[in-house]
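Student: Sending over a structure as structure tokens; questions will come in a sec.
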Amino acid sequence: MSDSQEATSPVAGIGGPVACVSKVELRVSCKSLLDRDTLNKSDPCVMLMVQNQGQWTELDRTEVIKSNLNPVFAKVLMLDYYFEEVQKLRFEVYDIHGTHSIGTRDDDFLGGVECTLGQIVAQKKMVKPLLLKYGKYAGKSTITIHAEEISGNNGYLELSFCAKKLDDKDLFSKSDPFLEIYRINDDGTEQLVHRTEVIKNNLNPVWEPFKVSLISLCSCDDERKLKCLVWDYDSRGKHDFIGEFYTNFKEMQKISSGNKVTWDCINPKYKLKKKNYKNSGLVILSDLKLHRVYSFLDYIMGGCQIHFTVAIDFTASNGDPRNSCSLHYINPYQPNEYLKALIAVGEICQDYDSDKRFSALGFGARIPPNYEVSHDFAINFNPEDDECEEIQGVVEAYQNCLPKIQLYGPTNVAPIINRIAKQAAGKEPIKDASVSIFKVSVYEMALRASQFLHKSCLFPPLMYTASPAALAKCVLAEVPKQVVEYFSHKAIPPMNPVLNSTSSSIANTPE
């Protein structure tokens with residue numbers, strides 16, 4: 001066990017530009033590891049690797065646990081889970097020597113295992129034998145991986161613990177205490193939730209505050225039993241047991257301003273043997289902060305409106321609209337690529353806009369009456385009111401506009417982006433507004449323009465090579481995440497829809 005261990009470590013997710021279905025926490029433990037040390041037992045650490053484009057790269061790692069062949073790691077490995085992707089993972093266990101990085105010659109490889117995140121999620125608890133190089137079994141060594149889904153509207157806790165008058169387990173100095181919290185599962189098994197840092201030579205330790213999700217602590221069940229253990233740390237891994245107590249989240253919530261929740265730390269053996277035994281010290285919950293993590297639906301149901309703005313590329317790179325190879329081809333029998341993209345995305349967005357009126361803009365064309373190049377014009381040619389009634393109104397405005405303009409260039413979306421940002425910031429009675437800009441690239445020949453927009457708007461381009469429905473799903477997948485991240489960053493909770501509403505403007509630029 002290391003001197004300092006944290007409960008959680010948010011990690012960048014795996015996958016492409018699509019939004020994750022949910023977040024998954026992985027907790028790792030091992031049994032019967034190979035003993036590579038001569039005088040002591042192995043000091044194991046688990047490295048989590050992910051495969052991207054055929055290459056393995058490290059995503060995260062657990063803490064190092066000293067002198068232990070059956071480690072239960074406290075570090076949580078957090079991943080984004082994508083149902084539509086095969087997410088290949090590899091867990092590698094090393095016996096660590098010193099403070100250098102994993103993978104040096106001094107470190108001993110204790111075994112590894114490959115799997116997919118989907119396999120872990122499907123089983124929730126996966127036990128696999130560890131393999132050495134060339135597929136050889138690492139003795140009887142196994143690795144156990146627990147998976148827990150973290151839904152968007154779960155909260156997390158910030159807990160602060162301290163202790164007083166703990167038993168002194170050391171002969172020439174005071175105890176070096178640390179605290180472990182375990183969740184008791186429905187099947188009676190125990191799952192480590194958090195292990196604090198070690199406080200050296202102190203019978204009245206004050207441990208660092210730590211954060212843990214509600215689902216990790218108690219599976220969102222206030223009355224789920226929690227087992228808490230206090231140990232005296234030993235560098236050889238033979239920690240001395242000081243005492244234990246049981247509690248639940250409901251009891252923890254009794255803490256209030258100025259008051260603390262206190263438990264007797266009990267050593268069952270001492271309680272049986274000693275007549276006047278009271279406790280082996282006191283453990284105190286000195287502070288509890290509950291942080292609500294809001295979901296996209298929390299904001300939508302709280303009155304958040306999504307204003308859908310269309311910005312269409314009318315540059316000459318799209319081809320002559322009279323040519324069937326053009327993205328703007330005027331086909332009397334079916335919609336062209338721009339209309340397909342517009343309808344697919346717009347029909348979804350319009351459900352989140354109460355007035356169903358959408359700004360429809362164009363850029364990169366010579367427009368009447370003087371046929372000067374414009375990079376910010378209303379496609380209904382009404383500069384006083386660029387909005388159209390519903391998506392069908394946008395479609396009709398586009399069809400009426402196309403024969404009246406001349407496709408030109410260059411590709412310059414900055415004026416439209418600036419306009420949308422100003423409109424979003426100026427909406428009343430909105431205190432804060434965000435602009436989420438995404439782009440639909442309807443043909444691979446537009447890649448250069450896509451890359452330009454990527455640099456301007458910070459969002460990756462999406463090539464339209466699938467069905468309109470698949471396009472809409474891919475394009476809009478990021479929007480809930482962006483909305484939640486923006487409001488979270490601004491510390492803005494969902495509003496009461498009766499009192500107010502909040503708007504998020506979205507610009508859709510078919511390219």
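Chain labels run A, B, ... following the order of the structure tokens; each chain numbers its residues from 1, and ligands are numbered from 1 in the order shown.
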Taking the DSSP assignment computed from this structure's backbone, write out as an MDAnalysis selection string all residues of segment 93-290 of chain A that belong to strand (DSSP E).

Tutor: chainID A and resid 93:95 108:116 125:131 137:150 156:164 177:184 190:195 210:213 226:232 240:247 261:264 282:290

Student: In terms of the shortest atom-to-atom distance over only C-alpha atoms, which of A:Gly393, A:Pro332, A:Pro129, A:Gly362 is closest to Ile379 of chain A?

Tutor: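 Using only C-alpha atoms, Ile379 of chain A sits closest to A:Gly362.
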
Student: Quick one: residues within 9 Å of Cys45 of chain A, only C-alpha atoms, excluding same-chain residues fewer than 3 positions away - as JSON, numbers by chain?

Tutor: {"A": [61, 62, 63, 64, 65, 71, 73, 92, 93, 94, 95, 96, 102]}

Student: Counting only C-alpha atoms, what is within 6 Å of segment 244-260 of chain A, bar same-chain residues fewer than 4 positions away, as a list in words?

Tutor: Asp222, Glu223, Arg224, Lys225, Leu226, Lys227, Cys228, Leu229, Cys265, Ile266, Leu285 and Ser286 of chain A

Student: Leaving out segment 199-206 of chain A and any residue of its chain fewer than 6 positions from it, which residues lie within 6 Å of it when counting only C-alpha atoms, given as a VMD selection string?

Tutor: chain A and resid 162 to 166 174 to 177

Student: So the first atom is atom CA of Ala311 of chain A and the second is atom CA of Leu361 of chain A; what is the distance between them in Å, to one decimal place?

Tutor: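 So the two atoms, atom CA of Ala311 of chain A and atom CA of Leu361 of chain A, lie 4.7 Å apart.
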
Student: Would you list, as a ChimeraX atom specification, the residues of segment 205-449 of chain A that end up in helix (DSSP H, G or I) under DSSP run on this structure's backbone?

Tutor: /A:214-218,249-252,268-273,296-301,316-318,337-352,390-404,414-426,444-449

Student: Env of Ala122 of chain A: 9 Å cut, atoms = only C-alpha atoms, seq-sep filter 4 positions within chain, self excluded. Answer as a PDB file with all heavy atoms, in the first residue's frame.

Tutor:
```pdb
ATOM      1  N   LEU A 117     -13.756  -3.743 -23.328  1.00  0.00           N
ATOM      2  CA  LEU A 117     -14.577  -3.103 -22.300  1.00  0.00           C
ATOM      3  C   LEU A 117     -15.993  -3.664 -22.332  1.00  0.00           C
ATOM      4  O   LEU A 117     -16.636  -3.808 -21.294  1.00  0.00           O
ATOM      5  CB  LEU A 117     -14.586  -1.593 -22.514  1.00  0.00           C
ATOM      6  CG  LEU A 117     -15.344  -0.761 -21.466  1.00  0.00           C
ATOM      7  CD1 LEU A 117     -14.816  -1.033 -20.069  1.00  0.00           C
ATOM      8  CD2 LEU A 117     -15.258   0.720 -21.787  1.00  0.00           C
ATOM      9  N   GLY A 118     -16.465  -4.013 -23.525  1.00  0.00           N
ATOM     10  CA  GLY A 118     -17.792  -4.609 -23.636  1.00  0.00           C
ATOM     11  C   GLY A 118     -17.910  -5.914 -22.872  1.00  0.00           C
ATOM     12  O   GLY A 118     -18.932  -6.198 -22.244  1.00  0.00           O
ATOM     13  N   ALA A 147     -16.852  -3.844 -12.895  1.00  0.00           N
ATOM     14  CA  ALA A 147     -17.307  -2.697 -13.680  1.00  0.00           C
ATOM     15  C   ALA A 147     -18.589  -2.139 -13.076  1.00  0.00           C
ATOM     16  O   ALA A 147     -19.487  -2.892 -12.678  1.00  0.00           O
ATOM     17  CB  ALA A 147     -17.548  -3.094 -15.131  1.00  0.00           C
TER      18      ALA A 147
END
```

Student: I want to know what sits within 9 Å of Glu158 of chain A, based on only C-alpha atoms, with residues of the same chain fewer than 6 positions away left out; could you give that as a ChimeraX atom specification?

Tutor: /A:209-213,287-291

Student: I need the residue nearest Tyr233 of chain A from this list: A:Asp170, A:Glu208, A:Asp187, A:Asp80. Use only C-alpha atoms for the distance.

Tutor: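 Distance minimum relative to Tyr233 of chain A lands on A:Asp170.
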
Student: Restricting the calculation to only C-alpha atoms, which member of A:Tyr270, A:Tyr299, A:Phe377, A:Trp207 is positioned closest to Met495 of chain A?

Tutor: A:Tyr299
